[in-house]
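All remarks here apply to the structure that follows.
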Amino acid sequence: MMKNPFVTSGYEGPEYFCDREEETAKLIRLLTNGNNVVLMSPRRMGKTGLLYHAFRQAGIVDEYHTFIIDIYSTKNLNELVAEMGKVILNTLQSRSKKAFDKFVKVATSLRPGVSFDPFGNPNWNVEVGTIQSPSVTLDQIFDYINQSEIPCLVAIDEFQQIAHYPEKNVEAILRTYIQHCSNANFVFSGSERHLLAEMFSSPARPFYASTSTLNLESINLLKYDEFAKAHFEKAEKQLETGVVETIYARFEGVTWYIQKVLNYLFADTAAGGCCKMEMIEVAVDEIVKDNGTIYADLLYQLTIKQKELLVAINKEGKVKTITGSKFIKKHHLTAASSVQTTVKSLMDKQLVTSHLGIYEVYDKFFGIWLSRL
Ligand SMILES: Nc1ncnc2c1ncn2[C@@H]1O[C@H](COP(=O)(O)OP(=O)(O)OP(=O)(O)O)[C@@H](O)[C@H]1O
Ligand SMILES: [Mg+2]
């Protein structure tokens with residue numbers, strides 16, 4: 001059976017990647033000319049995909065070691081360093097024995113995590129406990145990068161996470177290492193715009209004015225339409241004109257939602273058949289239904305106040321002044337101060353996002369489910 005060409009998690013190669021030609025070229029041009037880059041966008045727009053895609057390009061693959069370090073689940077500097085070590089070990093092993101050996105030689109502090117099987121193949125298990133002192137390991141990691149025979153590109157994905165670490169000097173520490181590292185360029189990517197903007201554009205902060213910024217926007221609609229049609233046609237299916245446009249408008253050009261709906265539509269269309277406009281609603285219903293249990297669970301875990309505010313935000317769609325009396329009265333909420341604390345708790349749970357001061361329910365499918373309660 002043919003693979004569903006509309007990927008909904010991870011990166012599966014250029015064939016399944018829609019457009020982003022200009023963004024890829026721009027990112028590469030900046031990095032290969034000695035710039036560090038901040039890559040920002042709302043959630044699920046395609047930052048991580050773009051990183052993988054860019055690092056796969058000819059001219060990068062053979063000329064650079066590339067590392068993508070996702071620090072989303074790290075909680076402190078120690079965990080960040082462990083993750084860096086793990087990714088570098090992982091990447092180098094699948095790439096070159098020479099480079100791997102060199103890294104293990106330099107990064108002595110990670111060695112306790114590396115073992116060899118009877119055939120001499122390395123296995124490793126870099127855990128937080130492996131690292132005795134993050135600064136020693138960081139020294140060694142950057143020593144390796146500086147000595148590497150080919151330059152490195154290092155992407156730290158979900159970089160805003162460091163703002164939540166208990167240590168207050170992580171930015172300064174990283175900045176110092178990066179500043180003195182001539183053999184690598186860095187991408188810092190993330191979706192929490194206010195945190196990233198503060199880190200990189202506030203004169204009082206260590207990273208101030210040290211990077212170029214790339215704001216990732218929606219994929220061009222015409223390109224998306226072409227991409228989707230081509231994949232349908234390859235499977236001998238047709239895609240009615242207007243379908244992509246409708247999905248795109250409904251989900252405001254956010255890549256993941258478009259991919260998800262196209263994935264379901266592709267599955268719902270028989271070979272030789274045609275995907276028609278009226279199938280969109282059916283597919284969206286299916287997606288929402290398939291997640292119903294998860295959504296019900298999420299809702300069940302909320303306090304009454306949180307639930308009420310979540311439903312109110314969802315009803316409104318986008319809320320500009322969340323503590324404004326108009327919004328509060330209309331939805332029979334309590335005082336502004338209480339709304340402020342409650343919305344913060346909803347944001348911590350990633351149920352609500354704010355972008356440029358506008359609040360909305362984070363998962364648009366969850367929003368649809370909520371509106372049907
Ligand atoms: N150019 C593209 N063509 C097709 N699918 C894409 C493209 N870019 C991203 N995707 C898909 O969209 C989804 C979201 O992309 P990705 O994870 O890269 O977004 P993100 O901005 O990193 O999100 P988050 O902020 O949640 O980390 C993924 O399932 C990915 O496979
Ligand atoms: Mg991502």
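Note on naming: chains are A, B, ... as they come in the structure tokens, residues start from 1 per chain, ligands start from 1 in the order shown.
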Handout entry: Expected answer as a VMD selection string: residues within 7 Å of ligand 1, only C-alpha atoms and all ligand atoms
Key = chain A and resid 6 to 11 16 to 20 41 to 50 158 190 to 191 219 255 to 256 259
Practice task
For segment 284-298 of chain A, please output as a PyMOL selection string all residues within 10 Å (counting only C-alpha atoms; exclusion window: fewer than 4 positions along the same chain).
Solution key: chain A and resi 247+257+260-262+264-265+279-280+302+307+349+351+364-370
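Put simply, atom CA of Pro166 of chain A is 10.9 Å away from atom CA of Asn78 of chain A.
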Problem - 12 Å contact set for Arg95 of chain A, only C-alpha atoms, chain neighbours under 5 positions out, as JSON, numbers by chain - result: {"A": [61, 62, 64, 65, 66, 67, 88, 89, 90, 100, 101]}
Practice task
Based on DSSP run over this structure's backbone, return all residues of segment 111-277 of chain A in alpha helix (DSSP H), as a PyMOL selection string.
Solution key: chain A and resi 134-147+170-179+193-201+221-234+243-250+255-268
Non-local contacts of Met1 of chain A (12 Å; only C-alpha atoms; under 3 positions in same chain excluded) as a PDB file with N, CA and C atoms, in the first residue's frame:
ATOM      1  N   ASN A   4       0.816   7.281   3.067  1.00  0.00           N
ATOM      2  CA  ASN A   4       0.101   8.561   3.047  1.00  0.00           C
ATOM      3  C   ASN A   4       1.137   9.686   2.946  1.00  0.00           C
ATOM      4  N   PRO A   5       1.059  10.474   1.869  1.00  0.00           N
ATOM      5  CA  PRO A   5       2.120  11.473   1.640  1.00  0.00           C
ATOM      6  C   PRO A   5       2.019  12.711   2.540  1.00  0.00           C
ATOM      7  N   ALA A 235      -1.261   9.251  -6.645  1.00  0.00           N
ATOM      8  CA  ALA A 235      -1.983   8.074  -6.151  1.00  0.00           C
ATOM      9  C   ALA A 235      -3.263   7.826  -6.943  1.00  0.00           C
ATOM     10  N   ALA A 267      -6.740   9.663   2.920  1.00  0.00           N
ATOM     11  CA  ALA A 267      -7.166   8.321   3.328  1.00  0.00           C
ATOM     12  C   ALA A 267      -8.635   8.070   2.968  1.00  0.00           C
ATOM     13  N   ALA A 271      -8.782   5.270  -4.557  1.00  0.00           N
ATOM     14  CA  ALA A 271      -8.036   5.395  -5.811  1.00  0.00           C
ATOM     15  C   ALA A 271      -9.036   5.526  -6.946  1.00  0.00           C
TER      16      ALA A 271
END
Fill in the blank from the handout: Among A:Val352, A:Leu30, A:Cys274, A:Ile68, ligand 2 is approached most closely, using only C-alpha atoms and all ligand atoms, by A:Ile68
Practice task
Could you tell me how far atom CA of Thr108 of chain A lies from atom CA of Leu77 of chain A, in Å and to one decimal?
Solution key: 18.5 Å
Completion exercise
With distances taken over only C-alpha atoms and all ligand atoms, the candidate from A:Asn169, A:Gln160, A:Ser202, A:Ser133 nearest ligand 2 is A:Gln160
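For the atom pair formed by atom CA of Ile69 of chain A and atom CA of Ile156 of chain A, the distance is 4.9 Å, given to one decimal.
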Exercise for the section: as a VMD selection string, please: all residues of segment 155-332 of chain A that backbone DSSP puts in strand (DSSP E or B). Expected result: chain A and resid 155 to 157 184 to 190 212 to 215 238 to 239 274 to 275 319
Practice task
Please provide the set of residues having any atom within 12 Å of segment 145-154 of chain A, restricted to only C-alpha atoms, with same-chain residues fewer than 5 positions apart removed, written as a PyMOL selection string.
Solution key: chain A and resi 27-28+30-38+51-52+54-56+60-70+84-85+87-88+91-92+96+98-103+105-107+138-140+159+177-189
Can you write out the residues you just picked, keeping C-alpha atoms, as a tab-separated table (two decimals), in the first residue's frame?
chain	number	residue	atom	x	y	z
A	27	LEU	CA	18.58	30.05	6.62
A	28	ILE	CA	21.50	28.40	4.85
A	30	LEU	CA	22.79	33.25	6.99
A	31	LEU	CA	24.44	30.29	8.68
A	32	THR	CA	27.09	29.66	6.07
A	33	ASN	CA	28.04	33.32	6.19
A	34	GLY	CA	28.81	33.28	9.86
A	35	ASN	CA	25.50	34.46	11.32
A	36	ASN	CA	23.59	32.95	14.19
A	37	VAL	CA	19.86	32.83	13.61
A	38	VAL	CA	16.71	33.06	15.70
A	51	LEU	CA	15.72	22.77	10.36
A	52	TYR	CA	15.81	19.14	9.23
A	54	ALA	CA	17.83	22.80	5.58
A	55	PHE	CA	20.43	20.52	7.13
A	56	ARG	CA	19.72	17.91	4.45
A	60	ILE	CA	25.42	21.31	3.97
A	61	VAL	CA	25.44	17.53	4.34
A	62	ASP	CA	29.05	17.06	3.26
A	63	GLU	CA	30.51	20.31	4.45
A	64	TYR	CA	29.15	20.53	8.00
A	65	HIS	CA	28.35	18.43	11.00
A	66	THR	CA	24.78	19.33	11.87
A	67	PHE	CA	23.12	18.83	15.23
A	68	ILE	CA	19.50	19.46	16.15
A	69	ILE	CA	19.04	19.55	19.90
A	70	ASP	CA	15.46	19.63	21.12
A	84	MET	CA	23.59	18.14	23.71
A	85	GLY	CA	26.00	15.33	24.49
A	87	VAL	CA	22.61	14.32	20.17
A	88	ILE	CA	26.27	14.85	19.26
A	91	THR	CA	24.74	12.11	15.14
A	92	LEU	CA	28.45	11.48	14.89
A	96	SER	CA	31.78	9.01	10.82
A	98	LYS	CA	36.68	9.17	13.05
A	99	ALA	CA	34.56	12.06	14.23
A	100	PHE	CA	32.83	9.91	16.81
A	101	ASP	CA	36.13	8.67	18.24
A	102	LYS	CA	37.44	12.18	18.38
A	103	PHE	CA	34.39	13.38	20.26
A	105	LYS	CA	38.27	11.35	23.24
A	106	VAL	CA	37.63	15.03	23.93
A	107	ALA	CA	34.40	14.66	25.89
A	138	LEU	CA	30.12	22.17	28.12
A	139	ASP	CA	33.82	23.04	27.94
A	140	GLN	CA	34.50	19.68	26.36
A	159	PHE	CA	15.24	27.48	22.99
A	177	TYR	CA	30.66	29.77	24.76
A	178	ILE	CA	28.98	30.67	21.51
A	179	GLN	CA	30.81	33.95	21.21
A	180	HIS	CA	34.15	32.19	21.45
A	181	CYS	CA	33.21	29.41	19.11
A	182	SER	CA	34.57	30.12	15.65
A	183	ASN	CA	33.91	26.73	14.14
A	184	ALA	CA	30.12	26.67	14.45
A	185	ASN	CA	27.03	28.68	13.83
A	186	PHE	CA	23.83	28.37	15.79
A	187	VAL	CA	20.08	28.44	15.28
A	188	PHE	CA	17.85	29.18	18.25
A	189	SER	CA	14.30	28.24	17.43
